[in-house]
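S.K.: What follows is the file final-v1.cif, containing mmCIF, C-alpha atoms:
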```
data_final
loop_
_atom_site.label_atom_id
_atom_site.label_comp_id
_atom_site.auth_asym_id
_atom_site.auth_seq_id
_atom_site.Cartn_x
_atom_site.Cartn_y
_atom_site.Cartn_z
CA MET E 1 1.85 -49.29 -24.59
CA HIS E 2 3.96 -46.34 -25.69
CA LYS E 3 0.90 -44.54 -27.12
CA ILE E 4 -1.13 -45.20 -23.97
CA LYS E 5 1.68 -43.77 -21.88
CA ASN E 6 1.83 -40.63 -24.05
CA VAL E 7 -1.94 -40.18 -23.75
CA LYS E 8 -1.70 -40.42 -19.95
CA ILE E 9 1.07 -37.83 -19.90
CA TYR E 10 -0.99 -35.57 -22.17
CA PHE E 11 -4.05 -35.75 -19.93
CA PHE E 12 -1.89 -35.23 -16.83
CA ILE E 13 -0.41 -32.04 -18.32
CA LEU E 14 -3.89 -30.91 -19.40
CA TRP E 15 -5.21 -31.49 -15.88
CA ILE E 16 -2.37 -29.43 -14.37
CA ASN E 17 -3.05 -26.55 -16.79
CA ILE E 18 -6.76 -26.61 -15.99
CA THR E 19 -6.20 -26.64 -12.22
CA ILE E 20 -3.89 -23.62 -12.55
CA PHE E 21 -5.87 -21.72 -15.21
CA ILE E 22 -9.37 -21.94 -13.72
CA PRO E 23 -8.49 -20.50 -10.27
CA SER E 24 -6.49 -17.75 -12.01
CA MET E 25 -9.52 -16.85 -14.10
CA ASP E 26 -11.70 -16.82 -10.99
CA ILE E 27 -9.33 -14.38 -9.33
CA LEU E 28 -9.32 -12.12 -12.40
CA ILE E 29 -13.12 -12.20 -12.62
CA THR E 30 -13.43 -11.39 -8.91
CA ALA E 31 -10.94 -8.53 -9.26
CA GLY E 32 -12.90 -7.11 -12.20
CA ARG E 33 -16.18 -7.30 -10.29
CA TYR E 34 -14.50 -5.63 -7.31
CA ILE E 35 -13.32 -2.72 -9.50
CA LEU E 36 -16.84 -2.28 -10.91
CA PHE E 37 -18.15 -2.36 -7.35
CA LEU E 38 -15.77 0.47 -6.39
CA LYS E 39 -16.95 2.43 -9.43
CA ALA E 40 -20.56 2.03 -8.26
CA ILE E 41 -19.66 3.21 -4.75
CA PHE E 42 -18.04 6.43 -5.93
CA SER E 43 -20.66 7.36 -8.50
CA ARG E 44 -24.16 8.84 -8.25
CA PHE E 45 -23.92 10.05 -4.66
CA GLU E 46 -26.92 10.78 -2.50
CA LYS E 47 -27.33 14.09 -0.68
CA ARG E 48 -24.71 14.94 1.97
CA ALA E 49 -27.41 15.16 4.64
CA VAL E 50 -28.13 11.47 4.04
CA TYR E 51 -24.54 10.35 4.60
CA PHE E 52 -23.61 12.32 7.71
CA PRO E 53 -25.91 10.52 10.24
CA LYS E 54 -24.90 7.17 8.76
CA ILE E 55 -21.19 8.00 9.07
CA ILE E 56 -21.64 8.93 12.75
CA HIS E 57 -23.56 5.70 13.34
CA GLU E 58 -20.86 3.61 11.65
CA ILE E 59 -18.10 5.33 13.66
CA PHE E 60 -19.79 4.24 16.89
CA ASP E 61 -20.96 0.84 15.61
CA LEU E 62 -17.71 -0.28 13.98
CA GLY E 63 -15.02 1.92 15.53
CA ILE E 64 -15.84 3.02 19.07
CA SER E 65 -17.10 -0.46 19.93
CA SER E 66 -13.64 -1.85 19.08
CA ILE E 67 -11.70 0.31 21.57
CA GLY E 68 -11.96 -2.17 24.45
CA PHE E 69 -10.98 -5.09 22.23
CA VAL E 70 -7.98 -3.24 20.77
CA SER E 71 -6.90 -1.96 24.19
CA PHE E 72 -6.92 -5.40 25.78
CA ILE E 73 -4.85 -6.94 22.99
CA SER E 74 -2.41 -4.01 22.86
CA VAL E 75 -1.56 -4.02 26.57
CA PHE E 76 -0.77 -7.72 26.70
CA VAL E 77 1.04 -7.90 23.38
CA GLY E 78 3.08 -4.83 24.36
CA ALA E 79 4.08 -6.69 27.50
CA VAL E 80 4.99 -9.81 25.51
CA VAL E 81 7.05 -7.77 23.02
CA THR E 82 9.04 -6.22 25.88
CA LEU E 83 9.71 -9.60 27.48
CA GLN E 84 10.81 -11.12 24.18
CA VAL E 85 13.06 -8.16 23.37
CA ALA E 86 14.62 -8.40 26.83
CA TYR E 87 15.22 -12.10 26.30
CA ASN E 88 16.97 -11.49 22.97
CA LEU E 89 19.05 -8.60 24.35
CA GLU E 90 20.23 -10.46 27.42
CA ASN E 91 23.84 -9.32 27.17
CA PRO E 92 25.80 -7.30 29.76
CA LEU E 93 27.41 -5.29 26.95
CA LEU E 94 24.06 -3.97 25.69
CA PRO E 95 22.41 -1.07 27.56
CA THR E 96 19.02 -1.79 29.13
CA TYR E 97 17.30 1.17 27.46
CA LEU E 98 17.48 -0.73 24.13
CA ILE E 99 14.55 -2.79 25.42
CA GLY E 100 12.35 0.30 25.42
CA LEU E 101 13.70 1.46 22.06
CA SER E 102 13.11 -1.91 20.36
CA SER E 103 9.65 -2.27 21.87
CA ARG E 104 8.72 1.22 20.70
CA ASP E 105 9.82 0.64 17.11
CA THR E 106 8.20 -2.81 16.96
CA LEU E 107 4.87 -1.45 18.12
CA ILE E 108 4.91 1.62 15.87
CA LEU E 109 6.27 0.08 12.69
CA GLU E 110 4.59 -3.30 12.61
CA PHE E 111 2.46 -4.52 15.49
CA SER E 112 -0.12 -1.76 15.85
CA PRO E 113 -0.71 -0.77 12.21
CA THR E 114 -0.50 -4.26 10.70
CA LEU E 115 -1.48 -6.85 13.30
CA ILE E 116 -4.25 -4.74 14.81
CA SER E 117 -5.57 -4.16 11.29
CA LEU E 118 -5.63 -7.92 10.78
CA VAL E 119 -7.53 -8.33 14.02
CA LEU E 120 -9.97 -5.58 13.01
CA ALA E 121 -10.41 -7.30 9.65
CA GLY E 122 -11.86 -10.23 11.56
CA LYS E 123 -14.06 -8.15 13.84
CA ILE E 124 -15.15 -5.25 11.63
CA GLY E 125 -14.87 -7.05 8.30
CA SER E 126 -17.04 -9.98 9.28
CA ASN E 127 -19.62 -7.56 10.68
CA ILE E 128 -19.75 -5.62 7.41
CA ALA E 129 -19.87 -8.70 5.17
CA SER E 130 -22.54 -10.48 7.20
CA SER E 131 -24.77 -7.40 7.54
CA LEU E 132 -24.66 -6.60 3.82
CA GLY E 133 -25.03 -10.26 2.94
CA THR E 134 -28.14 -10.50 5.09
CA MET E 135 -29.55 -7.39 3.42
CA ARG E 136 -28.87 -8.93 0.02
CA VAL E 137 -30.50 -12.32 0.67
CA THR E 138 -33.51 -10.69 2.35
CA GLU E 139 -33.92 -8.41 -0.71
CA GLN E 140 -33.46 -5.18 1.22
CA ILE E 141 -30.77 -4.05 -1.24
CA ASP E 142 -33.12 -4.83 -4.15
CA ALA E 143 -35.75 -2.64 -2.49
CA LEU E 144 -33.28 0.27 -2.34
CA GLU E 145 -32.51 -0.18 -6.04
CA VAL E 146 -36.22 -0.18 -6.88
CA MET E 147 -36.55 3.18 -5.08
CA GLY E 148 -33.84 4.61 -7.34
CA ILE E 149 -31.13 4.70 -4.65
CA ASN E 150 -27.55 3.79 -5.48
CA SER E 151 -27.41 1.04 -2.88
CA ALA E 152 -23.62 0.52 -3.15
CA SER E 153 -22.89 4.16 -2.39
CA TYR E 154 -25.67 4.52 0.18
CA LEU E 155 -24.64 1.45 2.20
CA VAL E 156 -20.85 1.26 1.76
CA LEU E 157 -19.57 4.86 1.44
CA PRO E 158 -20.44 5.79 5.07
CA LYS E 159 -18.60 2.69 6.27
CA ILE E 160 -15.50 3.65 4.26
CA PHE E 161 -15.42 7.20 5.65
CA ALA E 162 -16.12 6.00 9.18
CA ILE E 163 -13.38 3.34 9.26
CA ILE E 164 -10.80 5.57 7.55
CA PHE E 165 -11.57 8.25 10.16
CA ILE E 166 -11.61 6.12 13.30
CA ASN E 167 -8.95 3.48 12.61
CA PRO E 168 -5.96 5.87 12.95
CA PHE E 169 -7.23 6.77 16.43
CA LEU E 170 -7.49 3.07 17.29
CA ILE E 171 -3.91 2.54 16.13
CA ILE E 172 -2.62 5.50 18.18
CA ILE E 173 -4.42 4.09 21.22
CA SER E 174 -2.89 0.69 20.45
CA ILE E 175 0.64 2.13 20.28
CA ALA E 176 0.19 4.05 23.54
CA LEU E 177 -1.29 1.12 25.44
CA GLY E 178 1.28 -1.26 23.97
CA LEU E 179 4.03 0.94 25.42
CA VAL E 180 2.18 1.03 28.75
CA GLY E 181 1.97 -2.76 28.73
CA GLY E 182 5.67 -2.99 27.89
CA TRP E 183 6.55 -0.58 30.68
CA LEU E 184 4.47 -2.57 33.18
CA ALA E 185 6.06 -5.85 32.13
CA GLY E 186 9.57 -4.43 32.33
CA ASN E 187 8.96 -2.72 35.65
CA LEU E 188 7.13 -5.56 37.40
CA THR E 189 9.64 -8.21 36.33
CA GLY E 190 12.62 -5.97 37.02
CA ILE E 191 14.22 -6.57 33.63
CA CYS E 192 13.90 -2.90 32.61
CA PRO E 193 13.41 -0.17 35.23
CA THR E 194 11.10 2.74 34.47
CA GLU E 195 13.92 5.21 33.87
CA GLU E 196 15.66 2.92 31.37
CA PHE E 197 12.43 2.06 29.55
CA LEU E 198 11.39 5.71 29.20
CA MET E 199 14.87 6.62 28.00
CA GLY E 200 14.64 3.94 25.31
CA VAL E 201 11.18 5.11 24.24
CA GLN E 202 12.49 8.66 23.74
CA TYR E 203 15.92 7.79 22.34
CA GLN E 204 16.38 8.81 18.66
CA PHE E 205 12.65 8.90 18.07
CA ILE E 206 11.77 9.35 14.38
CA PRO E 207 8.39 11.13 13.92
CA PHE E 208 8.07 9.78 10.37
CA ASN E 209 7.59 6.29 11.80
CA VAL E 210 4.23 7.39 13.21
CA THR E 211 3.32 8.94 9.85
CA TYR E 212 4.26 5.67 8.16
CA ALA E 213 2.05 3.72 10.59
CA LEU E 214 -0.93 6.02 9.97
CA ILE E 215 -0.51 5.84 6.18
CA LYS E 216 -0.63 2.05 6.40
CA THR E 217 -3.65 2.26 8.69
CA VAL E 218 -5.66 4.38 6.24
CA ILE E 219 -4.88 2.05 3.33
CA PHE E 220 -5.71 -1.03 5.41
CA ALA E 221 -8.96 0.58 6.56
CA PHE E 222 -9.99 1.11 2.93
CA ILE E 223 -9.14 -2.51 2.10
CA ILE E 224 -11.05 -3.89 5.10
CA THR E 225 -14.18 -1.91 4.30
CA THR E 226 -14.36 -2.31 0.54
CA VAL E 227 -13.32 -5.96 0.24
CA CYS E 228 -15.66 -7.19 2.98
CA SER E 229 -18.46 -4.98 1.64
CA PHE E 230 -17.92 -6.44 -1.84
CA PHE E 231 -18.31 -10.03 -0.68
CA GLY E 232 -21.33 -9.18 1.45
CA TYR E 233 -22.97 -7.06 -1.24
CA THR E 234 -22.58 -9.73 -3.94
CA THR E 235 -23.86 -12.62 -1.80
CA LYS E 236 -26.26 -15.01 -3.51
CA GLY E 237 -28.33 -17.67 -1.78
CA GLY E 238 -29.29 -17.84 1.87
CA ALA E 239 -27.90 -17.90 5.39
CA LEU E 240 -25.17 -20.43 4.51
CA GLU E 241 -23.88 -18.22 1.71
CA VAL E 242 -23.85 -15.21 4.04
CA GLY E 243 -21.46 -17.09 6.34
CA GLN E 244 -19.29 -18.09 3.39
CA ALA E 245 -19.19 -14.50 2.13
CA SER E 246 -18.11 -13.30 5.57
CA THR E 247 -15.31 -15.86 5.67
CA LYS E 248 -14.14 -14.98 2.14
CA GLY E 249 -14.16 -11.29 2.99
CA VAL E 250 -11.93 -11.77 6.04
CA VAL E 251 -9.55 -14.15 4.22
CA TYR E 252 -9.10 -11.95 1.14
CA THR E 253 -8.76 -8.85 3.30
CA SER E 254 -6.02 -10.47 5.39
CA ILE E 255 -4.14 -11.55 2.25
CA LEU E 256 -4.34 -8.06 0.73
CA ILE E 257 -3.19 -6.43 3.98
CA ILE E 258 -0.09 -8.64 4.04
CA ILE E 259 0.66 -7.91 0.37
CA PHE E 260 0.13 -4.17 0.65
CA ASN E 261 2.15 -4.10 3.86
CA TYR E 262 5.15 -5.32 1.88
CA PHE E 263 4.73 -2.78 -0.93
CA ILE E 264 4.09 0.16 1.40
CA THR E 265 7.14 -0.73 3.47
CA SER E 266 9.24 -1.02 0.31
CA LEU E 267 8.08 2.38 -0.91
CA LEU E 268 8.28 4.36 2.33
CA LEU E 269 11.14 2.79 4.29
CA SER E 270 13.56 1.46 1.68
#
```
Will you turn the file into structure tokens for me?
M.R.:
Amino acid sequence: MHKIKNVKIYFFILWINITIFIPSMDILITAGRYILFLKAIFSRFEKRAVYFPKIIHEIFDLGISSIGFVSFISVFVGAVVTLQVAYNLENPLLPTYLIGLSSRDTLILEFSPTLISLVLAGKIGSNIASSLGTMRVTEQIDALEVMGINSASYLVLPKIFAIIFINPFLIIISIALGLVGGWLAGNLTGICPTEEFLMGVQYQFIPFNVTYALIKTVIFAFIITTVCSFFGYTTKGGALEVGQASTKGVVYTSILIIIFNYFITSLLLS
């Protein structure tokens, strides 16, 4: 009985090690393939004249088309942020303009650059992953390779440049409309008059906060584009696998955005 018990313990420990080791190896293999994918993107470029029309197309297809979506979310979340800040600062000893100040810093430092990037990861990232995945399973990417074209660079590099270019503008629009939504909420409910809200928005404004938000935006834009492109580009199978690749791309992108958000904040604001 004692030997049987030891054997059970041994197999239990072995099972735990396997369940931990195998997923870790999968992550390392995926990371290595992702690095090789990046190397392929930034090597053997096509002519500049080939990229420019594609970059313009991607700016409109992925960026400009997201303005309405981002604007709608920003206005209402800006209003919610103002109402929540007013609720937490409900104290006669605290000046009302702190509502505008807190709403401003919340929108600039965290909401617009991080949460909007997470939202765009779902919208833009799934679009990128599914489109490249469809091209892969329908052998369109193989056809480009047969013609001697570096398909990774030809298909993904314009998306990277387009998203890195347009996303900072989307974030600036998000910040502005978030403040407008906060002002409307404060003014219509009477919890923060216009004069007090505008005073709070201007009070001790730190320009570096906007720089910090844009730095995060550029890094997040690169993550969104390359990670989702990687999962779409390396899709194998059929339509079902394309959907799975799109889901993986969005999930991994969201995780990386959260992780990099912590490190960027630690480096720039600590």
S.K.: Under the PyMOL selection byres ((chain E and resi 126) around 12), which residues of this model are included? Write them out as a ChimeraX atom specification.
M.R.: /E:62,118-125,127-134,224-232,242-254
S.K.: What is the CA of Phe161 (chain E)-CA of Ile173 (chain E) distance in Å, reported with one decimal?
M.R.: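 Calculated distance between CA of Phe161 (chain E) and CA of Ile173 (chain E) is 19.3 Å.
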S.K.: Take CA of Gln140 (chain E) and CA of Ile27 (chain E) and report the distance between them in Å, one decimal.
M.R.: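 Pair CA of Gln140 (chain E) / CA of Ile27 (chain E) returns 27.9 Å.
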S.K.: Counting all atoms listed in the file, which residues come within 7 Å of (8.5, 1.7, 7.7), with the point read in the file's coordinates, and could you list them as number ranges by chain?
M.R.: E: 109, 209, 212, 265, 268-269
S.K.: Translate the PyMOL selection byres ((chain E and resi 221) around 8), as applied to the file shown, into an explicit residue set as a PDB file with C-alpha atoms, keeping the file's coordinate frame.
M.R.:
```pdb
ATOM      1  CA  SER E 117      -5.570  -4.160  11.290  1.00  0.00           C
ATOM      2  CA  ILE E 160     -15.500   3.650   4.260  1.00  0.00           C
ATOM      3  CA  ILE E 163     -13.380   3.340   9.260  1.00  0.00           C
ATOM      4  CA  ILE E 164     -10.800   5.570   7.550  1.00  0.00           C
ATOM      5  CA  ASN E 167      -8.950   3.480  12.610  1.00  0.00           C
ATOM      6  CA  THR E 217      -3.650   2.260   8.690  1.00  0.00           C
ATOM      7  CA  VAL E 218      -5.660   4.380   6.240  1.00  0.00           C
ATOM      8  CA  ILE E 219      -4.880   2.050   3.330  1.00  0.00           C
ATOM      9  CA  PHE E 220      -5.710  -1.030   5.410  1.00  0.00           C
ATOM     10  CA  PHE E 222      -9.990   1.110   2.930  1.00  0.00           C
ATOM     11  CA  ILE E 223      -9.140  -2.510   2.100  1.00  0.00           C
ATOM     12  CA  ILE E 224     -11.050  -3.890   5.100  1.00  0.00           C
ATOM     13  CA  THR E 225     -14.180  -1.910   4.300  1.00  0.00           C
TER      14      THR E 225
END
```
S.K.: For region 217-229 of chain E, supply N, CA and C atoms and format the output as a CSV table (one decimal), in the coordinates of the input.
M.R.:
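What ended up in part-v7.csv:
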```csv
chain,number,residue,atom,x,y,z
E,217,THR,N,-2.3,2.4,8.1
E,217,THR,CA,-3.6,2.3,8.7
E,217,THR,C,-4.8,2.7,7.8
E,218,VAL,N,-4.6,3.9,7.1
E,218,VAL,CA,-5.7,4.4,6.2
E,218,VAL,C,-5.9,3.4,5.1
E,219,ILE,N,-4.8,3.0,4.5
E,219,ILE,CA,-4.9,2.0,3.3
E,219,ILE,C,-5.5,0.7,3.8
E,220,PHE,N,-5.1,0.2,4.9
E,220,PHE,CA,-5.7,-1.0,5.4
E,220,PHE,C,-7.2,-0.8,5.7
E,221,ALA,N,-7.6,0.3,6.2
E,221,ALA,CA,-9.0,0.6,6.6
E,221,ALA,C,-9.8,0.5,5.3
E,222,PHE,N,-9.3,1.1,4.2
E,222,PHE,CA,-10.0,1.1,2.9
E,222,PHE,C,-10.1,-0.3,2.4
E,223,ILE,N,-9.1,-1.1,2.5
E,223,ILE,CA,-9.1,-2.5,2.1
E,223,ILE,C,-10.2,-3.3,2.9
E,224,ILE,N,-10.1,-3.2,4.2
E,224,ILE,CA,-11.0,-3.9,5.1
E,224,ILE,C,-12.5,-3.6,4.7
E,225,THR,N,-12.8,-2.3,4.5
E,225,THR,CA,-14.2,-1.9,4.3
E,225,THR,C,-14.7,-2.3,2.9
E,226,THR,N,-13.9,-2.1,1.9
E,226,THR,CA,-14.4,-2.3,0.5
E,226,THR,C,-14.4,-3.8,0.2
E,227,VAL,N,-13.4,-4.5,0.6
E,227,VAL,CA,-13.3,-6.0,0.2
E,227,VAL,C,-14.4,-6.7,0.9
E,228,CYS,N,-14.6,-6.5,2.2
E,228,CYS,CA,-15.7,-7.2,3.0
E,228,CYS,C,-17.0,-6.7,2.5
E,229,SER,N,-17.2,-5.5,2.2
E,229,SER,CA,-18.5,-5.0,1.6
E,229,SER,C,-18.8,-5.6,0.3
```
